[in-house]
>>> print(open('final.txt').read())   # compact mmCIF, C-alpha atoms
# COMPACT_ATOMS: atom_id res chain seq x y z
CA MET A 111 -39.97 11.52 36.04
CA LYS A 112 -40.27 8.70 33.51
CA ARG A 113 -43.02 8.44 30.90
CA ILE A 114 -44.75 5.08 30.77
CA LEU A 115 -47.26 4.02 28.13
CA VAL A 116 -49.88 1.55 29.36
CA VAL A 117 -51.77 -0.52 26.77
CA GLU A 118 -54.30 -2.73 28.55
CA PRO A 119 -57.83 -3.49 27.28
CA ASP A 120 -59.43 -3.66 30.74
CA PRO A 121 -60.24 -0.05 31.73
CA ASP A 122 -60.35 -0.85 35.45
CA LEU A 123 -56.94 -2.53 35.36
CA THR A 124 -55.59 0.32 33.22
CA TRP A 125 -56.73 2.82 35.84
CA LEU A 126 -55.18 0.79 38.68
CA ILE A 127 -51.87 0.42 36.83
CA CYS A 128 -51.72 4.12 35.97
CA GLU A 129 -52.54 5.17 39.52
CA ARG A 130 -49.83 2.88 40.91
CA LEU A 131 -47.27 4.22 38.44
CA ARG A 132 -48.24 7.83 39.15
CA GLY A 133 -47.96 7.11 42.85
CA ALA A 134 -44.39 5.98 42.20
CA GLY A 135 -43.65 9.35 40.58
CA HIS A 136 -44.01 8.46 36.91
CA GLU A 137 -46.13 9.94 34.13
CA ALA A 138 -48.52 7.25 32.94
CA PHE A 139 -50.31 7.49 29.60
CA THR A 140 -52.77 5.12 28.01
CA GLY A 141 -53.60 4.22 24.46
CA GLU A 142 -55.27 1.73 22.22
CA PRO A 143 -53.10 -0.95 20.59
CA GLU A 144 -53.54 0.69 17.18
CA GLN A 145 -52.06 3.93 18.57
CA ALA A 146 -49.28 2.38 20.66
CA VAL A 147 -46.39 2.81 18.23
CA ALA A 148 -47.20 6.46 17.51
CA LEU A 149 -47.84 7.27 21.17
CA ALA A 150 -44.67 5.56 22.37
CA ALA A 151 -42.60 7.34 19.72
CA ASP A 152 -44.21 10.76 20.19
CA LEU A 153 -44.02 10.90 24.00
CA PRO A 154 -41.32 9.44 23.81
CA ALA A 155 -42.00 6.64 26.27
CA ASP A 156 -39.29 5.41 28.62
CA LEU A 157 -41.16 2.14 29.17
CA ILE A 158 -44.20 0.34 27.80
CA VAL A 159 -46.56 -1.80 29.89
CA ALA A 160 -48.57 -3.86 27.42
CA ALA A 161 -51.16 -6.59 27.72
CA LEU A 162 -50.69 -9.33 25.15
CA SER A 163 -53.13 -12.20 24.94
CA SER A 164 -51.57 -14.28 22.20
CA PHE A 165 -50.09 -17.63 23.25
CA ALA A 166 -47.13 -16.90 20.99
CA LEU A 167 -46.45 -13.46 22.42
CA GLU A 168 -43.63 -12.73 20.01
CA GLU A 169 -46.22 -13.06 17.21
CA ALA A 170 -48.79 -10.76 18.85
CA PRO A 171 -49.59 -7.85 16.50
CA LEU A 172 -48.88 -5.20 19.14
CA TYR A 173 -45.54 -6.72 20.08
CA LYS A 174 -44.52 -7.09 16.42
CA ALA A 175 -45.54 -3.49 15.69
CA LEU A 176 -43.61 -2.07 18.66
CA ARG A 177 -40.52 -4.16 18.00
CA GLY A 178 -40.71 -3.68 14.24
CA ASP A 179 -40.70 0.12 14.32
CA PRO A 180 -37.24 1.72 14.62
CA ARG A 181 -38.66 4.45 16.87
CA THR A 182 -39.95 1.98 19.48
CA LYS A 183 -37.91 -1.19 19.04
CA ASP A 184 -35.54 -0.41 21.92
CA ILE A 185 -38.09 0.83 24.46
CA PRO A 186 -38.14 -1.66 27.36
CA MET A 187 -41.40 -3.45 28.03
CA VAL A 188 -43.32 -5.10 30.81
CA ILE A 189 -45.71 -7.59 29.27
CA ILE A 190 -48.90 -8.62 31.03
CA THR A 191 -50.55 -11.83 29.93
CA GLY A 192 -52.95 -14.45 31.12
CA ARG A 193 -51.42 -17.06 28.82
CA GLY A 194 -48.18 -18.88 28.43
CA ASN A 195 -45.49 -20.16 30.71
CA ALA A 196 -42.00 -19.39 31.98
CA THR A 197 -40.41 -19.94 28.57
CA ILE A 198 -42.02 -16.80 27.16
CA ASN A 199 -39.19 -14.60 28.40
CA ARG A 200 -36.62 -16.69 26.54
CA ARG A 201 -38.67 -16.76 23.35
CA LEU A 202 -38.99 -12.98 23.29
CA GLY A 203 -35.22 -12.79 23.31
CA GLU A 204 -34.71 -9.26 24.55
CA LYS A 205 -33.44 -7.66 27.73
CA PRO A 206 -34.88 -6.28 29.82
CA THR A 207 -38.31 -7.80 29.40
CA ASN A 208 -40.52 -8.75 32.28
CA VAL A 209 -43.56 -10.92 31.81
CA LEU A 210 -46.25 -10.76 34.47
CA PHE A 211 -48.92 -13.42 34.48
CA LYS A 212 -52.47 -12.47 35.45
CA PRO A 213 -53.47 -12.21 38.19
CA PHE A 214 -50.57 -10.19 39.55
CA GLU A 215 -50.01 -7.76 42.38
CA LEU A 216 -49.53 -4.09 41.53
CA ASP A 217 -46.48 -4.04 43.78
CA VAL A 218 -44.89 -6.70 41.58
CA LEU A 219 -45.51 -4.50 38.55
CA ALA A 220 -44.06 -1.47 40.35
CA THR A 221 -40.95 -3.45 41.26
CA ALA A 222 -40.48 -4.64 37.67
CA VAL A 223 -40.87 -1.08 36.37
CA ALA A 224 -38.37 0.28 38.92
CA GLU A 225 -35.82 -2.41 38.07
CA ILE A 226 -36.06 -1.76 34.34
CA LEU A 227 -35.87 2.00 34.68
CA GLN A 228 -32.83 1.77 37.00
CA ALA A 229 -31.07 -0.39 34.41
CA GLU A 230 -31.56 2.26 31.74
>>> encode(input="final.txt", output="structure tokens")
Amino acid sequence: MKRILVVEPDPDLTWLICERLRGAGHEAFTGEPEQAVALAADLPADLIVAALSSFALEEAPLYKALRGDPRTKDIPMVIITGRGNATINRRLGEKPTNVLFKPFELDVLATAVAEILQAE
């Protein structure tokens, strides 16, 4: 069973994501962006699903905090955003990273999570 931290400001979407991940046999935890680094490190998380709204995702405070902390810098991420384009993945420069653009299907998220966790 993998531990997945979900950081998404929409409580309804957070609930849906967590239920889908739990249904796939994972432990899903939630947290506020300010707590994300500590939560991810303390669990420790096997994966982070994070909503980032900044156009320059690599400059988003949450992304910078997670990637800047040695305890969380190597935890794979699935990024959810309503902004940007297909070049975001290249600009983030890490593997594996999956970027899902809103709106997205929960099955697409589940597939991305499964693929990342199998690669670990």
>>> residues_near_point(input="final.txt", point="(-41.4, 0.4, 25.8)", cutoff="6 Å", atoms="all atoms listed in the file", output="MDAnalysis selection string")
chainID A and resid 157:158 185:187
>>> closest_residue(input="final.txt", among="A:Ala151, A:Ala161, A:Ile189, A:Val218", to="A:Arg113", atoms="only C-alpha atoms")
A:Ala151
>>> closest_residue(input="final.txt", among="A:Asn208, A:Pro154, A:Phe214, A:Val147", to="A:Arg177", atoms="only C-alpha atoms")
A:Val147
>>> residues_around(input="final.txt", residues="stretch 134-136 of chain A", least_positions_apart="2", cutoff="6 Å", atoms="all atoms listed in the file", output="ChimeraX atom specification")
/A:111-112,131-132
>>> atom_distance(input="final.txt", atom1="atom CA of A:Arg130", atom2="atom CA of A:Ser163")
22.2 Å
>>> atom_distance(input="final.txt", atom1="atom CA of A:Pro180", atom2="atom CA of A:Leu227")
20.1 Å
>>> closest_residue(input="final.txt", among="A:Thr191, A:Ala220, A:Leu153, A:Glu144", to="A:Lys174", atoms="only C-alpha atoms")
A:Glu144
>>> closest_residue(input="final.txt", among="A:Ala229, A:Glu137, A:Ala146, A:Pro121", to="A:Asp179", atoms="only C-alpha atoms")
A:Ala146
>>> atom_distance(input="final.txt", atom1="atom CA of A:Ile114", atom2="atom CA of A:Ala160")
10.3 Å
>>> residues_around(input="final.txt", residues="A:Glu118", least_positions_apart="4", cutoff="10 Å", atoms="only C-alpha atoms", output="list in words")
Asp122, Leu123, Thr124, Trp125, Ile127, Thr140, Gly141, Glu142, Pro143, Val159, Ala160, Ala161, Leu162, Ile189, Ile190 and Thr191 of chain A
>>> closest_residue(input="final.txt", among="A:Asp184, A:Leu176, A:Ala170, A:Leu210", to="A:Ala222", atoms="only C-alpha atoms")
A:Leu210
>>> closest_residue(input="final.txt", among="A:Gly133, A:Arg181, A:Leu126, A:Val209", to="A:Ala148", atoms="only C-alpha atoms")
A:Arg181
